[in-house]
Each structure stands twice: as structure tokens, then as C-alpha cells.
Amino acid sequence: MKVSVYEQCLSKKDDIIQIRRKLHQIPEVGIYNPETSAFICRELERMGIPFQISHSEEKGVKNTSIVGLIRGKKEGITVALRADLDGLPIAEENEVPYKSTHQGKMHACGHDCHMAILLGAAEILKKHEEEMCGSVKLIFQTGEEELAGARMLMSEEVMRHPDVSACFGLHVWPIPEYPAGALVIAPGCVMAAGDRFDILIKGKGSHGSQPSFGIDPVTCAAQIISALQLISSREVSEKEKGVLSVCRIHAGSAWNVIPSEAHLQGTIRTTSTQTRQHYKKRINEIVKQTAGALRCIGEVEWSAGTPAVDNDAETAKRAADAAGKLFEKEFVIDHASPFMATEDFAFYQQEVPGVYAFLNISDSGSAAGVSLHNSRFQVDESVLWHGTAYFVQTVLDWLGTGQN
Ligand SMILES: [Zn+2]
Ligand SMILES: [Zn+2]
């Protein structure tokens, strides 16, 4: 009797949880994740899946991303599945048997789940290679949190050799309004573009008792911070989303000295190119002109940001249809309001149509209401296999098996 994708993946439920727990214990951060990558390599070897280790490096640090390839026995296109590998510099506060053993580091963004989900899918898809018309690229990417990994893999032409026609990724996410295990597979922008700004305000230092002898950059910084907030509340269309946060202020070194400079750092999060450009233009204007009005000099520096995660509508529809073959309606959500966090999966979507989905892993126990990037973040592990089943069904639908 032929076993359905649903049953094949359900039978892997416990293995996926065990793999997730092993990876949870060894979180690493950044682009150099040697222990995690070695774990992935061992698993791929065990499955008989060939792979390559990244050959790029940045500032002397090696990238340990891994790209595996399952070649179907019949000709066809190639699709890519992507998981991220890195953890966060957070000390875990959960008292669980599989607690992080790496001090000060934690898989608090659920990337351990992403790896386990993708390894589960790899094992099942490998068993389908005889009938598959085409290939699957398995991308295990480091350095997502610092937005470096995808960019580096793109410079290694990860979407080529063989050329990838569509790419898929997913993030576990607490979305308590839906049942645990629900998949959100929506068209359009699902995660924001993110940019970082650094503002320097130059004034003139003086004694704290004699401000008239100086030009105070601190009061100027306060005016600039207030004025910047008006962009979001007064200038962005009511139909759009836009966030501006000044997250860091630094000025002065003594309580009775007016410093000569003040530094501000922050981020903007936007969901359209137009709004992104508007923020940049207006921040530059407000900083320069407010500083000028207060006799200071204001400068803004922008760091290379991440584009928005923008799901191709047709691809998203087909991916949601694939999920619909596996799960009841309430587990497949085909619309979403964008999360204002960023994801470097966006870089892949600049080259090929892609879909970034979300798997609701809301924990109804002690971790209820705890967000990602929190030292007490936990997931409902019993639904991780839903992610695996979604990946497997999507790939099989895309490539076709020559049987229909
Ligand atoms: Zn994260
Ligand atoms: Zn993440």
C-alpha cells in the first residue's frame, strides 16, 4: 500500500523532535557554526545526500553554510528549501533537559526547529528520488541573525548550478490566534525591509553651568528624536506600515560637561519601496535641518539593509494549495499582515520567486506569550512535523512525479 506524504511525515514526528533537541543544546552564533554544520553534514551523509560546504569568508571568519542536493532520477526543474542555522547571544533560562550547553548562547529564534524540519524533509524526499522529475537543493544557511548568510551564499551563486526555479523557507512563530501547527502561506510582503541609521550631531562642548559658551548636541538630539517620530505618525499612509525606532543614544562622559557630539542609532522597518525611500529622505532632511536650526551639524549614515520578504503571489497560491492537501482549512492561512522583523531570505527572492511561510508553534504552557528572541522562548514541538510535510508536499507538487 502506498503511504501518503502525511503519514510518512507524521511517522517522523519524534525523530524531528529529537534532532531539534540535539541542535538546541549546541547553539552557535554568526556565520561560523562549526559544531552545528558538522551535525548537518553527518545527517546528510547518513541519508546519502551529497553536499558542499560554503567557501566564502568575511573579515577572516569562515562561513560554514551547507548546500545539499537530491537529484531526482527523472529530468526536471530544481527547487530550493532553506533553513537557517544560527542561534543568538542569549543565556537560556528554560529549565529543560535539552537546555543549551553553550554558555550565553541560545536557539531563541527557533532555527534549531528549522534545521530539524528541513532534515526531516530531506530524508523523506531522498526516498522519493526515483520518481521525482527534477532536483531539490537543501540550503542550510548560517548568519541569518546578522543578515550576512544569505548575501554570502548569493555571492557563491547558490541559486545556480543547477538553476533554481523557486525557493521555499519557513519560520516557526508564535501566532496564538491560530491553532498550533497552522501554516501561514500568504502572498505579497510578509516581513519588512530593515535599514539601520547612524546619526552624528556635532555641537561645541562647554561647562555644564555655561551652556551659552557652547552649542549643546544633547538638546538637539532630543529634538531630532521627537521630530523623527512624526514621520511614522504624520507622513506614512494610513494603509501602510512603517516603524522608526531610535534604539541607542550616546553622548557625554561627565555630569557637568556639555559634550561636543551626540550619536544616535536606530532602525526603520517598511513594507514598500516607496515608504522606505520616503523614510530615508525625510530622516536625512530632519536631521540636517533640525541640527542646523539649533546651530549644530547633523549627519546621517545608512548601512546596507535587507529588502522586504515579498512572496510571489502565484507561487504562494500553489504552496498554500500543497499545504491544503495535507491539512484542514483552519491549519492553512493564506493571508497575513506583515511582521516588522526582517529575514535575509529576502535576498533569495530577489533572484527567484520564493515563498516564506510561518508555522504557528504557540506553546500553551509556561512559554505562552513569550516571543522569539526571549531567554524563555519555547515551542510546541508536537507540530514541527507539519513544517516537514509542507516542504515535502510542496516539492513533490512542484517537480511532479511523472505519474499524473
Ligand atoms: Zn531571529
Ligand atoms: Zn529567525
# chains A, B, ... in the order shown; residues from 1 in each chain; ligands from 1
call {"tool": "residues_near_ligand", "arguments": {"ligand": "ligand 2", "cutoff": "10 Å", "atoms": "only C-alpha atoms and all ligand atoms", "output": "list in words"}}
result
Ala83, Asp84, Leu85, Asp86, Gly87, Leu88, His107, Ala108, Cys109, Gly110, His111, Asp112, His114, Glu144, Glu145, Leu170, His171, Val172, Trp173, Ala341, Thr342, Glu343, Asp344, Leu372 and His373 of chain A
call {"tool": "closest_atom_pairs", "arguments": {"of": "segment 97-180 of chain A", "to": "segment 38-58 of chain A", "cutoff": "8 Å", "atoms": "only C-alpha atoms", "output": "CSV"}}
result
residue,atom,partner,partner_atom,distance
A:Leu119,CA,A:Glu43,CA,7.6
A:Glu123,CA,A:Met47,CA,6.3
A:Lys126,CA,A:Ile49,CA,7.5
A:Met152,CA,A:Ser56,CA,6.9
A:Leu153,CA,A:Ser54,CA,7.4
A:Glu156,CA,A:Ser56,CA,7.4
call {"tool": "write_last_selection", "arguments": {"atoms": "N, CA and C atoms", "output": "JSON list (two decimals), in the first residue's frame"}}
result
[["chain", "number", "residue", "atom", "x", "y", "z"],
["A", 119, "LEU", "N", 15.83, 18.74, 7.77],
["A", 119, "LEU", "CA", 16.46, 17.41, 7.74],
["A", 119, "LEU", "C", 15.39, 16.32, 7.58],
["A", 123, "GLU", "N", 15.20, 13.68, 4.37],
["A", 123, "GLU", "CA", 15.19, 12.21, 4.49],
["A", 123, "GLU", "C", 14.01, 11.62, 3.69],
["A", 126, "LYS", "N", 14.50, 12.18, -0.17],
["A", 126, "LYS", "CA", 15.53, 11.27, -0.71],
["A", 126, "LYS", "C", 14.88, 9.94, -1.11],
["A", 152, "MET", "N", 25.98, 36.14, 1.51],
["A", 152, "MET", "CA", 27.22, 35.44, 1.18],
["A", 152, "MET", "C", 26.96, 34.26, 0.26],
["A", 153, "LEU", "N", 25.89, 33.50, 0.53],
["A", 153, "LEU", "CA", 25.57, 32.36, -0.34],
["A", 153, "LEU", "C", 25.18, 32.83, -1.73],
["A", 156, "GLU", "N", 28.01, 33.24, -3.78],
["A", 156, "GLU", "CA", 28.55, 31.94, -4.25],
["A", 156, "GLU", "C", 27.62, 31.31, -5.29]]
call {"tool": "residues_around", "arguments": {"residues": "Lys127 of chain A", "least_positions_apart": "6", "cutoff": "12 Å", "atoms": "only C-alpha atoms", "output": "number ranges by chain"}}
result
A: 3, 5, 8, 47-49, 70-73, 120-121, 392, 396
call {"tool": "closest_residue", "arguments": {"among": "A:Met340, A:Leu326, A:Ala316, A:Ala293", "to": "ligand 1", "atoms": "only C-alpha atoms and all ligand atoms"}}
result
A:Met340
call {"tool": "select_by_dssp", "arguments": {"residues": "segment 176-313 of chain A", "states": "strand (DSSP E or B)", "output": "JSON, numbers by chain"}}
result
{"A": [183, 184, 188, 189, 190, 191, 193, 194, 195, 196, 197, 198, 199, 200, 201, 202, 204, 206, 207, 215, 242, 243, 244, 245, 246, 247, 248, 249, 250, 251, 257, 258, 261, 262, 263, 264, 265, 266, 267, 268, 269, 270, 297, 298, 299, 300, 301, 302, 303, 304, 305, 306, 309, 310, 311]}
call {"tool": "residues_around", "arguments": {"residues": "segment 384-388 of chain A", "least_positions_apart": "3", "cutoff": "8 Å", "atoms": "only C-alpha atoms", "output": "ChimeraX atom specification"}}
result
/A:9-10,12-13,16-17,113,117-118,120-121,170,181,183,359,361,380-381,391-392
call {"tool": "write_last_selection", "arguments": {"atoms": "C-alpha atoms", "output": "short mmCIF file (atom, residue, chain, number, x, y, z; two decimals), in the first residue's frame"}}
result
data_model
loop_
_atom_site.label_atom_id
_atom_site.label_comp_id
_atom_site.auth_asym_id
_atom_site.auth_seq_id
_atom_site.Cartn_x
_atom_site.Cartn_y
_atom_site.Cartn_z
CA CYS A 9 5.90 12.84 7.77
CA LEU A 10 3.77 12.04 10.80
CA LYS A 12 8.95 11.22 11.56
CA LYS A 13 7.38 13.40 14.26
CA ILE A 16 12.27 15.58 14.22
CA ILE A 17 11.78 16.48 17.88
CA CYS A 113 13.43 23.76 14.63
CA ILE A 117 12.20 20.33 9.85
CA LEU A 118 14.45 20.51 6.79
CA GLY A 120 13.15 15.56 8.14
CA ALA A 121 12.07 16.71 4.67
CA LEU A 170 9.63 28.90 6.84
CA GLY A 181 0.55 23.74 13.75
CA LEU A 183 0.79 27.32 8.41
CA LEU A 359 4.42 27.74 11.30
CA ILE A 361 4.30 26.88 17.38
CA ASP A 380 5.14 23.27 20.79
CA GLU A 381 7.38 20.57 19.36
CA PHE A 391 8.07 21.17 2.45
CA VAL A 392 7.75 17.61 1.12
#
call {"tool": "atom_distance", "arguments": {"atom1": "atom CA of Ile258 of chain A", "atom2": "atom CA of Gly298 of chain A"}}
result
16.9 Å
call {"tool": "select_by_dssp", "arguments": {"residues": "segment 133-219 of chain A", "states": "helix (DSSP H, G or I)", "output": "PyMOL selection string"}}
result
chain A and resi 149-155+211-213+217-219
call {"tool": "residues_around", "arguments": {"residues": "segment 216-230 of chain A", "least_positions_apart": "4", "cutoff": "8 Å", "atoms": "only C-alpha atoms", "output": "list in words"}}
result
Ile201, Lys202, Gly203, Lys204, Gly205, Pro211, Arg234, Glu235, Leu244, Val246, Ala251, Ile258, Pro259, Ser260, Glu261, Ala262, Leu264, Ile283, Ile286, Val287, Thr290, Ala291, Leu294 and Cys296 of chain A
call {"tool": "write_last_selection", "arguments": {"atoms": "N, CA and C atoms", "output": "PDB file, in the first residue's frame"}}
result
ATOM      1  N   ILE A 201      25.611  64.135  15.670  1.00  0.00           N
ATOM      2  CA  ILE A 201      25.276  65.554  15.854  1.00  0.00           C
ATOM      3  C   ILE A 201      26.491  66.244  16.459  1.00  0.00           C
ATOM      4  N   LYS A 202      26.998  67.199  15.712  1.00  0.00           N
ATOM      5  CA  LYS A 202      28.190  67.905  16.184  1.00  0.00           C
ATOM      6  C   LYS A 202      27.804  69.277  16.725  1.00  0.00           C
ATOM      7  N   GLY A 203      28.205  69.540  17.965  1.00  0.00           N
ATOM      8  CA  GLY A 203      27.965  70.856  18.561  1.00  0.00           C
ATOM      9  C   GLY A 203      29.282  71.424  19.041  1.00  0.00           C
ATOM     10  N   LYS A 204      29.259  72.034  20.220  1.00  0.00           N
ATOM     11  CA  LYS A 204      30.503  72.574  20.793  1.00  0.00           C
ATOM     12  C   LYS A 204      30.433  72.372  22.298  1.00  0.00           C
ATOM     13  N   GLY A 205      31.435  71.746  22.847  1.00  0.00           N
ATOM     14  CA  GLY A 205      31.421  71.437  24.268  1.00  0.00           C
ATOM     15  C   GLY A 205      31.595  72.670  25.139  1.00  0.00           C
ATOM     16  N   PRO A 211      26.038  76.941  29.332  1.00  0.00           N
ATOM     17  CA  PRO A 211      25.653  76.458  28.002  1.00  0.00           C
ATOM     18  C   PRO A 211      25.803  77.503  26.905  1.00  0.00           C
ATOM     19  N   ARG A 234       2.625  60.945  11.084  1.00  0.00           N
ATOM     20  CA  ARG A 234       2.016  62.009  10.263  1.00  0.00           C
ATOM     21  C   ARG A 234       2.223  61.849   8.767  1.00  0.00           C
ATOM     22  N   GLU A 235       3.186  61.045   8.353  1.00  0.00           N
ATOM     23  CA  GLU A 235       3.538  61.077   6.927  1.00  0.00           C
ATOM     24  C   GLU A 235       3.315  59.766   6.201  1.00  0.00           C
ATOM     25  N   LEU A 244       9.791  53.385  13.004  1.00  0.00           N
ATOM     26  CA  LEU A 244      11.099  54.010  13.175  1.00  0.00           C
ATOM     27  C   LEU A 244      11.418  53.956  14.671  1.00  0.00           C
ATOM     28  N   VAL A 246      14.549  54.774  17.462  1.00  0.00           N
ATOM     29  CA  VAL A 246      15.911  55.151  17.860  1.00  0.00           C
ATOM     30  C   VAL A 246      16.213  54.282  19.072  1.00  0.00           C
ATOM     31  N   ALA A 251      26.080  60.138  24.411  1.00  0.00           N
ATOM     32  CA  ALA A 251      26.665  61.485  24.430  1.00  0.00           C
ATOM     33  C   ALA A 251      27.271  61.719  25.801  1.00  0.00           C
ATOM     34  N   ILE A 258      28.967  69.697  29.016  1.00  0.00           N
ATOM     35  CA  ILE A 258      28.175  69.570  27.791  1.00  0.00           C
ATOM     36  C   ILE A 258      29.121  69.031  26.708  1.00  0.00           C
ATOM     37  N   PRO A 259      28.799  67.872  26.154  1.00  0.00           N
ATOM     38  CA  PRO A 259      29.737  67.268  25.194  1.00  0.00           C
ATOM     39  C   PRO A 259      29.698  67.980  23.850  1.00  0.00           C
ATOM     40  N   SER A 260      30.660  67.639  23.015  1.00  0.00           N
ATOM     41  CA  SER A 260      30.694  68.286  21.693  1.00  0.00           C
ATOM     42  C   SER A 260      29.929  67.473  20.647  1.00  0.00           C
ATOM     43  N   GLU A 261      29.634  66.197  20.963  1.00  0.00           N
ATOM     44  CA  GLU A 261      28.945  65.362  19.977  1.00  0.00           C
ATOM     45  C   GLU A 261      27.896  64.482  20.645  1.00  0.00           C
ATOM     46  N   ALA A 262      26.899  64.100  19.856  1.00  0.00           N
ATOM     47  CA  ALA A 262      25.940  63.082  20.304  1.00  0.00           C
ATOM     48  C   ALA A 262      25.743  62.089  19.163  1.00  0.00           C
ATOM     49  N   LEU A 264      23.355  58.811  17.684  1.00  0.00           N
ATOM     50  CA  LEU A 264      22.088  58.067  17.772  1.00  0.00           C
ATOM     51  C   LEU A 264      22.164  56.909  16.779  1.00  0.00           C
ATOM     52  N   ILE A 283      14.395  61.377   6.986  1.00  0.00           N
ATOM     53  CA  ILE A 283      15.347  61.314   8.119  1.00  0.00           C
ATOM     54  C   ILE A 283      16.547  62.207   7.798  1.00  0.00           C
ATOM     55  N   ILE A 286      15.314  65.874   8.179  1.00  0.00           N
ATOM     56  CA  ILE A 286      15.012  66.276   9.569  1.00  0.00           C
ATOM     57  C   ILE A 286      16.302  66.414  10.380  1.00  0.00           C
ATOM     58  N   VAL A 287      17.215  65.486  10.203  1.00  0.00           N
ATOM     59  CA  VAL A 287      18.467  65.546  10.968  1.00  0.00           C
ATOM     60  C   VAL A 287      19.258  66.794  10.575  1.00  0.00           C
ATOM     61  N   THR A 290      17.021  70.148  11.434  1.00  0.00           N
ATOM     62  CA  THR A 290      16.825  70.395  12.876  1.00  0.00           C
ATOM     63  C   THR A 290      18.162  70.764  13.511  1.00  0.00           C
ATOM     64  N   ALA A 291      19.203  70.016  13.131  1.00  0.00           N
ATOM     65  CA  ALA A 291      20.531  70.331  13.671  1.00  0.00           C
ATOM     66  C   ALA A 291      20.916  71.751  13.275  1.00  0.00           C
ATOM     67  N   LEU A 294      19.329  74.471  15.204  1.00  0.00           N
ATOM     68  CA  LEU A 294      19.829  74.566  16.586  1.00  0.00           C
ATOM     69  C   LEU A 294      21.353  74.765  16.621  1.00  0.00           C
ATOM     70  N   CYS A 296      23.774  73.230  15.281  1.00  0.00           N
ATOM     71  CA  CYS A 296      24.643  72.036  15.223  1.00  0.00           C
ATOM     72  C   CYS A 296      24.805  71.601  13.773  1.00  0.00           C
TER      73      CYS A 296
END
call {"tool": "residues_around", "arguments": {"residues": "Ile77 of chain A", "least_positions_apart": "3", "cutoff": "8 Å", "atoms": "only C-alpha atoms", "output": "mmCIF file with C-alpha atoms, in the first residue's frame"}}
result
data_model
loop_
_atom_site.group_PDB
_atom_site.id
_atom_site.type_symbol
_atom_site.label_atom_id
_atom_site.label_comp_id
_atom_site.auth_asym_id
_atom_site.auth_seq_id
_atom_site.Cartn_x
_atom_site.Cartn_y
_atom_site.Cartn_z
ATOM 1 C CA CYS A 133 11.210 14.864 -12.047
ATOM 2 C CA GLY A 134 13.900 17.325 -11.024
ATOM 3 C CA SER A 135 16.070 18.168 -8.050
ATOM 4 C CA ASP A 163 19.428 26.869 -11.645
ATOM 5 C CA VAL A 164 16.714 27.138 -9.011
ATOM 6 C CA SER A 165 13.154 27.856 -10.226
ATOM 7 C CA LEU A 399 8.670 18.808 -9.527
#
